[in-house]
file query_9.cif (mmCIF, C-alpha atoms)
data_work
#
loop_
_atom_site.label_atom_id
_atom_site.label_comp_id
_atom_site.auth_asym_id
_atom_site.auth_seq_id
_atom_site.Cartn_x
_atom_site.Cartn_y
_atom_site.Cartn_z
CA MET A 1 36.47 78.27 5.18
CA GLU A 2 37.04 75.69 7.86
CA LEU A 3 38.88 72.62 6.87
CA THR A 4 38.36 69.52 8.93
CA ARG A 5 40.41 66.46 8.77
CA ARG A 6 38.70 63.26 8.07
CA PRO A 7 38.76 60.95 11.03
CA PRO A 8 41.29 58.17 10.46
CA ALA A 9 39.76 54.92 9.32
CA ARG A 10 39.27 52.43 12.11
CA SER A 11 41.66 49.58 11.78
CA LEU A 12 40.04 46.22 11.55
CA ILE A 13 40.75 43.69 14.28
CA SER A 14 43.53 41.52 12.98
CA LEU A 15 42.43 37.97 12.34
CA VAL A 16 45.92 36.55 12.02
CA PRO A 17 46.28 35.60 15.73
CA LEU A 18 42.91 33.85 15.52
CA VAL A 19 44.16 31.74 12.62
CA ASP A 20 47.31 30.93 14.60
CA VAL A 21 45.34 29.77 17.61
CA LEU A 22 42.96 27.71 15.49
CA LEU A 23 45.84 26.05 13.66
CA ILE A 24 47.58 25.17 16.92
CA MET A 25 44.34 23.71 18.32
CA LEU A 26 43.80 21.78 15.09
CA VAL A 27 47.27 20.24 15.18
CA PHE A 28 46.85 19.45 18.89
CA PHE A 29 43.59 17.57 18.37
CA MET A 30 44.89 15.80 15.29
CA VAL A 31 47.96 14.53 17.14
CA THR A 32 46.49 13.63 20.52
CA SER A 33 43.19 12.05 19.51
CA THR A 34 42.51 8.41 18.83
CA TYR A 35 40.46 7.72 15.74
CA LEU A 36 39.68 4.04 16.25
CA ASP A 37 36.12 2.96 16.86
CA LEU A 38 36.54 1.61 20.37
CA ASP A 39 34.27 -0.91 22.08
CA MET A 40 34.56 -2.70 25.38
CA ILE A 41 34.06 -6.18 26.82
CA PRO A 42 33.15 -6.23 30.53
CA ALA A 43 35.91 -8.01 32.38
CA VAL A 44 34.59 -8.17 35.93
CA GLU A 45 31.39 -9.82 36.96
CA ARG A 46 29.21 -7.70 39.15
CA ALA A 47 28.43 -9.18 42.52
CA GLU A 48 24.66 -8.95 42.06
CA GLU A 49 24.81 -10.68 38.66
CA GLU A 50 26.94 -13.45 40.11
CA ALA A 51 24.49 -14.00 42.94
CA ALA A 52 21.50 -14.00 40.58
CA GLU A 53 23.11 -16.50 38.23
CA ALA A 54 24.16 -18.76 41.05
CA ALA A 55 20.58 -18.76 42.32
CA ALA A 56 19.20 -19.43 38.85
CA ALA A 57 21.51 -22.33 38.08
CA PRO A 58 22.56 -24.14 41.24
CA GLY A 59 25.49 -26.45 40.66
CA ALA A 60 26.21 -25.02 37.24
CA ALA A 61 29.87 -24.40 38.02
CA SER A 62 30.47 -28.06 38.66
CA GLY A 63 29.70 -28.85 35.02
CA ALA A 64 32.03 -26.23 33.58
CA LEU A 65 34.06 -27.14 30.54
CA LEU A 66 37.73 -26.22 30.73
CA ILE A 67 39.44 -24.94 27.60
CA ARG A 68 43.14 -24.20 27.64
CA LEU A 69 44.51 -21.36 25.58
CA ALA A 70 48.03 -22.23 24.44
CA PRO A 71 50.83 -19.67 23.92
CA ASP A 72 50.29 -19.85 20.16
CA GLY A 73 46.63 -18.89 20.62
CA ARG A 74 45.17 -22.33 19.86
CA ALA A 75 42.46 -23.74 22.08
CA TRP A 76 43.02 -27.16 23.64
CA LEU A 77 40.35 -29.42 25.04
CA ARG A 78 41.04 -32.67 26.84
CA GLY A 79 44.65 -32.77 25.71
CA ARG A 80 44.25 -32.05 22.03
CA PRO A 81 44.14 -28.86 19.99
CA LEU A 82 40.86 -27.81 18.42
CA SER A 83 40.35 -26.33 15.00
CA GLU A 84 38.10 -23.30 14.80
CA ALA A 85 35.20 -25.41 13.53
CA GLU A 86 35.61 -27.90 16.37
CA LEU A 87 35.86 -25.11 18.90
CA ARG A 88 32.73 -23.48 17.49
CA ALA A 89 30.87 -26.79 17.72
CA VAL A 90 31.96 -27.30 21.33
CA LEU A 91 30.94 -23.79 22.31
CA ALA A 92 27.60 -24.10 20.51
CA GLU A 93 26.91 -27.35 22.33
CA ARG A 94 27.60 -25.67 25.66
CA ALA A 95 25.50 -22.67 24.66
CA ALA A 96 22.58 -24.99 23.95
CA ALA A 97 22.76 -26.21 27.54
CA GLY A 98 21.60 -22.78 28.74
CA PRO A 99 22.82 -21.26 31.99
CA ALA A 100 24.41 -24.55 33.03
CA GLY A 101 26.69 -24.52 30.01
CA GLU A 102 29.52 -22.59 31.49
CA VAL A 103 32.93 -22.60 29.83
CA SER A 104 36.12 -21.81 31.72
CA VAL A 105 39.25 -20.68 29.92
CA LEU A 106 42.68 -21.32 31.36
CA ALA A 107 44.96 -19.07 29.37
CA SER A 108 48.70 -19.39 29.10
CA PRO A 109 50.49 -16.29 30.41
CA ARG A 110 52.37 -16.18 27.10
CA ALA A 111 49.22 -16.15 24.96
CA GLU A 112 48.32 -12.84 23.40
CA VAL A 113 45.32 -10.71 24.29
CA GLN A 114 44.10 -11.05 20.72
CA ALA A 115 43.77 -14.83 21.14
CA LEU A 116 41.56 -14.44 24.20
CA VAL A 117 39.40 -11.80 22.54
CA ALA A 118 39.00 -14.03 19.48
CA LEU A 119 37.84 -16.85 21.75
CA MET A 120 35.39 -14.45 23.44
CA ASP A 121 34.10 -13.41 20.02
CA LEU A 122 33.55 -16.99 19.02
CA ALA A 123 31.75 -17.72 22.28
CA ALA A 124 29.51 -14.69 21.85
CA ASP A 125 28.83 -15.70 18.25
CA THR A 126 27.60 -19.11 19.35
CA GLY A 127 25.37 -17.55 21.99
CA LEU A 128 27.33 -18.78 24.99
CA ALA A 129 26.17 -16.83 28.01
CA ARG A 130 28.81 -17.71 30.56
CA LEU A 131 32.51 -17.61 29.78
CA ARG A 132 34.88 -17.43 32.72
CA VAL A 133 38.57 -16.70 32.41
CA LEU A 134 40.60 -18.34 35.13
CA ARG A 135 43.76 -16.86 36.55
CA THR A 136 46.49 -18.69 38.31
CA GLU A 137 48.00 -17.33 41.48
CA ALA A 138 51.77 -17.19 41.70
CA GLY A 139 53.23 -19.56 44.23
CA PRO A 140 55.20 -18.35 47.26
CA MET B 1 51.41 72.09 -9.11
CA LYS B 2 50.89 68.53 -9.96
CA LEU B 3 49.46 66.38 -7.30
CA SER B 4 49.97 62.71 -7.68
CA ARG B 5 47.75 60.19 -6.05
CA PRO B 6 49.45 57.67 -3.86
CA PRO B 7 49.54 54.25 -5.49
CA ALA B 8 46.54 52.23 -4.55
CA ARG B 9 47.25 49.50 -2.05
CA GLU B 10 46.75 46.01 -3.20
CA PRO B 11 43.91 44.48 -1.26
CA MET B 12 45.04 41.95 1.33
CA GLU B 13 44.06 38.43 0.60
CA THR B 14 41.09 37.61 2.65
CA ILE B 15 41.82 35.12 5.39
CA VAL B 16 38.22 34.71 6.39
CA ALA B 17 37.87 31.70 4.09
CA MET B 18 40.95 30.13 5.64
CA ILE B 19 39.53 30.63 9.14
CA ASP B 20 36.34 28.92 8.02
CA VAL B 21 38.21 25.91 6.69
CA VAL B 22 40.44 25.61 9.75
CA PHE B 23 37.45 25.94 12.04
CA PHE B 24 35.55 23.21 10.20
CA LEU B 25 38.60 20.95 10.36
CA LEU B 26 38.95 21.63 14.07
CA VAL B 27 35.33 20.74 14.78
CA PHE B 28 35.61 17.65 12.57
CA PHE B 29 38.65 16.28 14.37
CA MET B 30 37.15 17.11 17.77
CA LEU B 31 34.01 15.16 16.90
CA ILE B 32 35.50 12.03 15.36
CA GLY B 33 38.43 11.62 17.74
CA ARG B 34 38.54 10.67 21.37
CA MET B 35 41.20 11.70 23.83
CA ASP B 36 40.59 9.29 26.69
CA ALA B 37 42.50 6.36 25.17
CA ASN B 38 45.92 7.92 25.17
CA ALA B 39 49.06 6.15 26.27
CA PRO B 40 52.73 7.17 26.26
CA PHE B 41 53.49 4.07 24.21
CA GLU B 42 51.87 2.41 21.22
CA VAL B 43 48.67 0.56 22.03
CA VAL B 44 46.67 -1.11 19.27
CA PRO B 45 43.63 -2.70 20.91
CA PRO B 46 42.66 -6.23 19.92
CA LEU B 47 40.16 -6.80 17.16
CA GLY B 48 36.85 -7.84 18.70
CA LEU B 49 33.39 -7.92 17.22
CA SER B 50 31.41 -8.78 20.34
CA GLY B 51 32.09 -5.62 22.29
CA ILE B 52 29.59 -3.02 23.30
CA GLU B 53 30.02 0.68 22.75
CA LEU B 54 32.66 2.27 24.94
CA PRO B 55 31.22 5.33 26.64
CA GLY B 56 33.46 8.29 27.27
CA GLY B 57 35.09 9.05 30.57
CA GLY B 58 36.39 6.71 33.20
CA VAL B 59 39.91 5.73 34.12
CA MET B 60 42.07 4.37 31.31
CA VAL B 61 44.73 1.79 32.12
CA ALA B 62 47.01 1.06 29.16
CA VAL B 63 49.13 -2.04 28.75
CA GLY B 64 51.79 -2.02 26.06
CA ALA B 65 53.11 -4.86 23.98
CA ASP B 66 56.05 -5.38 26.31
CA GLY B 67 53.99 -5.18 29.48
CA GLN B 68 54.60 -1.51 30.26
CA THR B 69 51.62 0.10 31.97
CA ALA B 70 50.15 3.58 32.20
CA LEU B 71 47.28 5.23 34.02
CA ASN B 72 45.42 8.02 32.21
CA GLY B 73 48.35 8.56 29.84
CA VAL B 74 51.04 8.64 32.53
CA GLU B 75 53.44 5.71 32.52
CA MET B 76 53.71 4.04 35.91
CA GLY B 77 54.16 0.59 37.34
CA GLU B 78 51.39 -1.89 38.05
CA ASP B 79 51.70 -1.44 41.82
CA ALA B 80 51.36 2.33 41.52
CA ILE B 81 48.28 1.91 39.30
CA VAL B 82 46.63 -0.43 41.76
CA ALA B 83 47.43 1.93 44.65
CA ALA B 84 45.99 4.91 42.76
CA LEU B 85 42.85 3.00 41.85
CA ALA B 86 42.47 1.76 45.42
CA ALA B 87 42.47 5.37 46.59
CA MET B 88 39.84 6.22 43.96
CA ALA B 89 37.75 3.17 44.82
CA ALA B 90 37.63 4.25 48.46
CA GLU B 91 35.71 7.37 47.43
CA ARG B 92 33.67 6.16 44.47
CA ASP B 93 33.51 3.28 42.01
CA PRO B 94 35.14 4.67 38.86
CA PRO B 95 34.65 2.88 35.55
CA VAL B 96 38.03 1.41 34.59
CA ARG B 97 38.94 0.62 30.98
CA VAL B 98 41.92 -1.61 30.32
CA ASN B 99 43.36 -0.74 26.92
CA ALA B 100 45.79 -3.55 26.23
CA HIS B 101 47.89 -3.93 23.10
CA HIS B 102 46.65 -6.83 21.01
CA ALA B 103 50.06 -8.53 21.19
CA ALA B 104 50.50 -8.05 24.94
CA ALA B 105 50.96 -11.27 26.86
CA LEU B 106 48.02 -12.35 28.98
CA GLY B 107 50.53 -12.84 31.79
CA HIS B 108 50.64 -9.04 32.02
CA VAL B 109 46.93 -8.37 31.56
CA LEU B 110 45.05 -11.06 33.48
CA PRO B 111 46.87 -10.53 36.81
CA LEU B 112 46.20 -6.81 36.51
CA LEU B 113 42.50 -7.47 35.87
CA GLY B 114 42.47 -9.77 38.87
CA ARG B 115 44.01 -7.13 41.10
CA LEU B 116 41.44 -4.59 39.90
CA GLU B 117 38.67 -7.06 40.67
CA ASP B 118 40.12 -7.61 44.13
CA LEU B 119 39.84 -3.87 44.76
CA GLY B 120 36.08 -4.25 44.54
CA LEU B 121 35.75 -2.28 41.33
CA GLY B 122 32.45 -3.16 39.72
CA ASP B 123 32.95 -1.69 36.25
CA VAL B 124 36.13 -2.95 34.62
CA ALA B 125 36.18 -3.56 30.88
CA LEU B 126 38.67 -4.60 28.23
CA VAL B 127 38.91 -2.22 25.28
CA VAL B 128 38.57 -3.74 21.80
CA THR B 129 38.05 -2.30 18.36
CA GLN B 130 36.14 -3.36 15.28
CA THR B 131 38.53 -1.46 13.04
CA PRO B 132 41.46 -3.55 11.78
CA PRO B 133 44.80 -1.76 12.32
#
call {"tool": "encode", "arguments": {"input": "query_9.cif", "output": "structure tokens"}}
result
Amino acid sequence: MELTRRPPARSLISLVPLVDVLLIMLVFFMVTSTYLDLDMIPAVERAEEEAAEAAAAPGAASGALLIRLAPDGRAWLRGRPLSEAELRAVLAERAAAGPAGEVSVLASPRAEVQALVALMDLAADTGLARLRVLRTEAGP
Amino acid sequence: MKLSRPPAREPMETIVAMIDVVFFLLVFFMLIGRMDANAPFEVVPPLGLSGIELPGGGVMVAVGADGQTALNGVEMGEDAIVAALAAMAAERDPPVRVNAHHAAALGHVLPLLGRLEDLGLGDVALVVTQTPP
């Protein structure tokens, strides 16, 4: 009688290293990712848009309304601070003027980014098409 | 002769279910997160409702609350950022996203935007969020 040994059972591929790698990748993505819903506001006017708007509304820049943004985030117009309702009314009036109703914003360097974005939001809400943020050049 | 059977091994707990769960979590976090808005310091973008959807990719410039700046997650000064972007702009016009902390002073952000505009970059945008912090 010939006795034969049974072939040894094939060992399964170990899945433990796979779990390790997956866990490390999971922690990596959890730590390094940003989970905010991010949007963007274009900050630079394209040259072709600028030329098209200048052709469409000649002399529009001369009628621009200047709003100052104070360090505390309040908007000032002609030397007095505006409440949000007054600011909304002013922006809506300029928006009704169409392409000629440009508004320029002179922001204090100490004002926060949030104040400027809130002003942009309000302008967009009233339908204002042209909002220009001025920057001051440092003196020599 | 009495032959005794070896004691039966206890079956190993199956880890297949755990792999499934971890894999689903991995895919979930990869889908809902984005990795292009990283900065070596805390940046909470301003709350803005009038923004348009931020597409992926592009160059990310971060501005912290105290005016510290970073390019693509690497902290560097404003001059170094402008020099790096000038070199990029010479080859192509990369989309540049300025991710500024909501409490950062405009005195740090507006001059930087102006310098980027002076480089001739045509696609520069300020990052905002609709999600309150």
call {"tool": "atom_distance", "arguments": {"input": "query_9.cif", "atom1": "CA of Pro71 in chain A", "atom2": "CA of Arg88 in chain A"}}
result
19.6 Å
call {"tool": "interface_residues", "arguments": {"input": "query_9.cif", "of": "chain A", "to": "chain B", "cutoff": "8 Å", "atoms": "all atoms listed in the file", "output": "JSON, numbers by chain"}}
result
{"A": [15, 16, 18, 19, 22, 23, 25, 26, 29, 30, 32, 33, 34, 35, 36, 37, 38, 39, 40, 41, 42, 43, 44, 45, 46, 47, 107, 108, 109, 110, 111, 112, 113, 114, 117, 118, 120, 121, 124, 125, 135]}
call {"tool": "resolve_selection", "arguments": {"input": "query_9.cif", "expression": "the PyMOL selection byres ((chain A and resi 134) around 6)", "output": "list of chain:residue names"}}
result
A:Val105, A:Leu106, A:Val133, A:Arg135
call {"tool": "atom_distance", "arguments": {"input": "query_9.cif", "atom1": "CA of Arg130 in chain A", "atom2": "CA of Glu93 in chain A"}}
result
12.8 Å
call {"tool": "closest_residue", "arguments": {"input": "query_9.cif", "among": "A:Gly79, A:Ala129, A:Ala70, A:Leu122", "to": "Arg94 in chain A", "atoms": "only C-alpha atoms"}}
result
A:Ala129
call {"tool": "build_atoms", "arguments": {"input": "query_9.cif", "residues": "range 69-98 of chain A", "atoms": "N, CA and C atoms", "output": "short mmCIF file (atom, residue, chain, number, x, y, z; two decimals), in the frame of the given file"}}
result
data_model
loop_
_atom_site.label_atom_id
_atom_site.label_comp_id
_atom_site.auth_asym_id
_atom_site.auth_seq_id
_atom_site.Cartn_x
_atom_site.Cartn_y
_atom_site.Cartn_z
N LEU A 69 44.06 -22.22 26.67
CA LEU A 69 44.51 -21.36 25.58
C LEU A 69 46.04 -21.42 25.56
N ALA A 70 46.58 -22.00 24.51
CA ALA A 70 48.03 -22.23 24.44
C ALA A 70 48.76 -20.93 24.07
N PRO A 71 50.08 -20.89 24.26
CA PRO A 71 50.83 -19.67 23.92
C PRO A 71 50.69 -19.26 22.46
N ASP A 72 50.45 -20.22 21.57
CA ASP A 72 50.29 -19.85 20.16
C ASP A 72 48.86 -19.42 19.83
N GLY A 73 47.99 -19.37 20.83
CA GLY A 73 46.63 -18.89 20.62
C GLY A 73 45.63 -19.98 20.29
N ARG A 74 46.11 -21.24 20.18
CA ARG A 74 45.17 -22.33 19.86
C ARG A 74 44.47 -22.80 21.13
N ALA A 75 43.23 -23.23 20.96
CA ALA A 75 42.46 -23.74 22.08
C ALA A 75 42.65 -25.25 22.17
N TRP A 76 42.85 -25.73 23.38
CA TRP A 76 43.02 -27.16 23.64
C TRP A 76 41.88 -27.62 24.53
N LEU A 77 41.39 -28.82 24.22
CA LEU A 77 40.35 -29.42 25.04
C LEU A 77 40.69 -30.89 25.24
N ARG A 78 40.73 -31.29 26.47
CA ARG A 78 41.04 -32.67 26.84
C ARG A 78 42.32 -33.16 26.14
N GLY A 79 43.34 -32.34 26.17
CA GLY A 79 44.65 -32.77 25.71
C GLY A 79 44.89 -32.72 24.22
N ARG A 80 43.98 -32.15 23.46
CA ARG A 80 44.25 -32.05 22.03
C ARG A 80 43.78 -30.68 21.51
N PRO A 81 44.51 -30.18 20.53
CA PRO A 81 44.14 -28.86 19.99
C PRO A 81 42.88 -28.94 19.14
N LEU A 82 42.12 -27.86 19.17
CA LEU A 82 40.86 -27.81 18.42
C LEU A 82 41.02 -26.87 17.24
N SER A 83 40.45 -27.27 16.13
CA SER A 83 40.35 -26.33 15.00
C SER A 83 39.23 -25.35 15.32
N GLU A 84 39.13 -24.32 14.52
CA GLU A 84 38.10 -23.30 14.80
C GLU A 84 36.70 -23.90 14.69
N ALA A 85 36.52 -24.79 13.71
CA ALA A 85 35.20 -25.41 13.53
C ALA A 85 34.86 -26.31 14.72
N GLU A 86 35.86 -27.04 15.19
CA GLU A 86 35.61 -27.90 16.37
C GLU A 86 35.32 -27.06 17.60
N LEU A 87 36.08 -25.99 17.75
CA LEU A 87 35.86 -25.11 18.90
C LEU A 87 34.47 -24.48 18.84
N ARG A 88 34.07 -24.07 17.65
CA ARG A 88 32.73 -23.48 17.49
C ARG A 88 31.66 -24.50 17.86
N ALA A 89 31.86 -25.75 17.42
CA ALA A 89 30.87 -26.79 17.72
C ALA A 89 30.79 -27.05 19.22
N VAL A 90 31.95 -27.08 19.88
CA VAL A 90 31.96 -27.30 21.33
C VAL A 90 31.25 -26.17 22.06
N LEU A 91 31.56 -24.95 21.66
CA LEU A 91 30.94 -23.79 22.31
C LEU A 91 29.44 -23.75 22.05
N ALA A 92 29.03 -24.10 20.83
CA ALA A 92 27.60 -24.10 20.51
C ALA A 92 26.87 -25.16 21.32
N GLU A 93 27.53 -26.29 21.52
CA GLU A 93 26.91 -27.35 22.33
C GLU A 93 26.71 -26.89 23.77
N ARG A 94 27.72 -26.17 24.29
CA ARG A 94 27.60 -25.67 25.66
C ARG A 94 26.55 -24.55 25.73
N ALA A 95 26.48 -23.76 24.67
CA ALA A 95 25.50 -22.67 24.66
C ALA A 95 24.08 -23.23 24.67
N ALA A 96 23.91 -24.39 24.01
CA ALA A 96 22.58 -24.99 23.95
C ALA A 96 22.14 -25.50 25.31
N ALA A 97 23.11 -25.71 26.21
CA ALA A 97 22.76 -26.21 27.54
C ALA A 97 22.20 -25.12 28.44
N GLY A 98 22.17 -23.88 27.96
CA GLY A 98 21.60 -22.78 28.74
C GLY A 98 22.55 -22.29 29.81
#
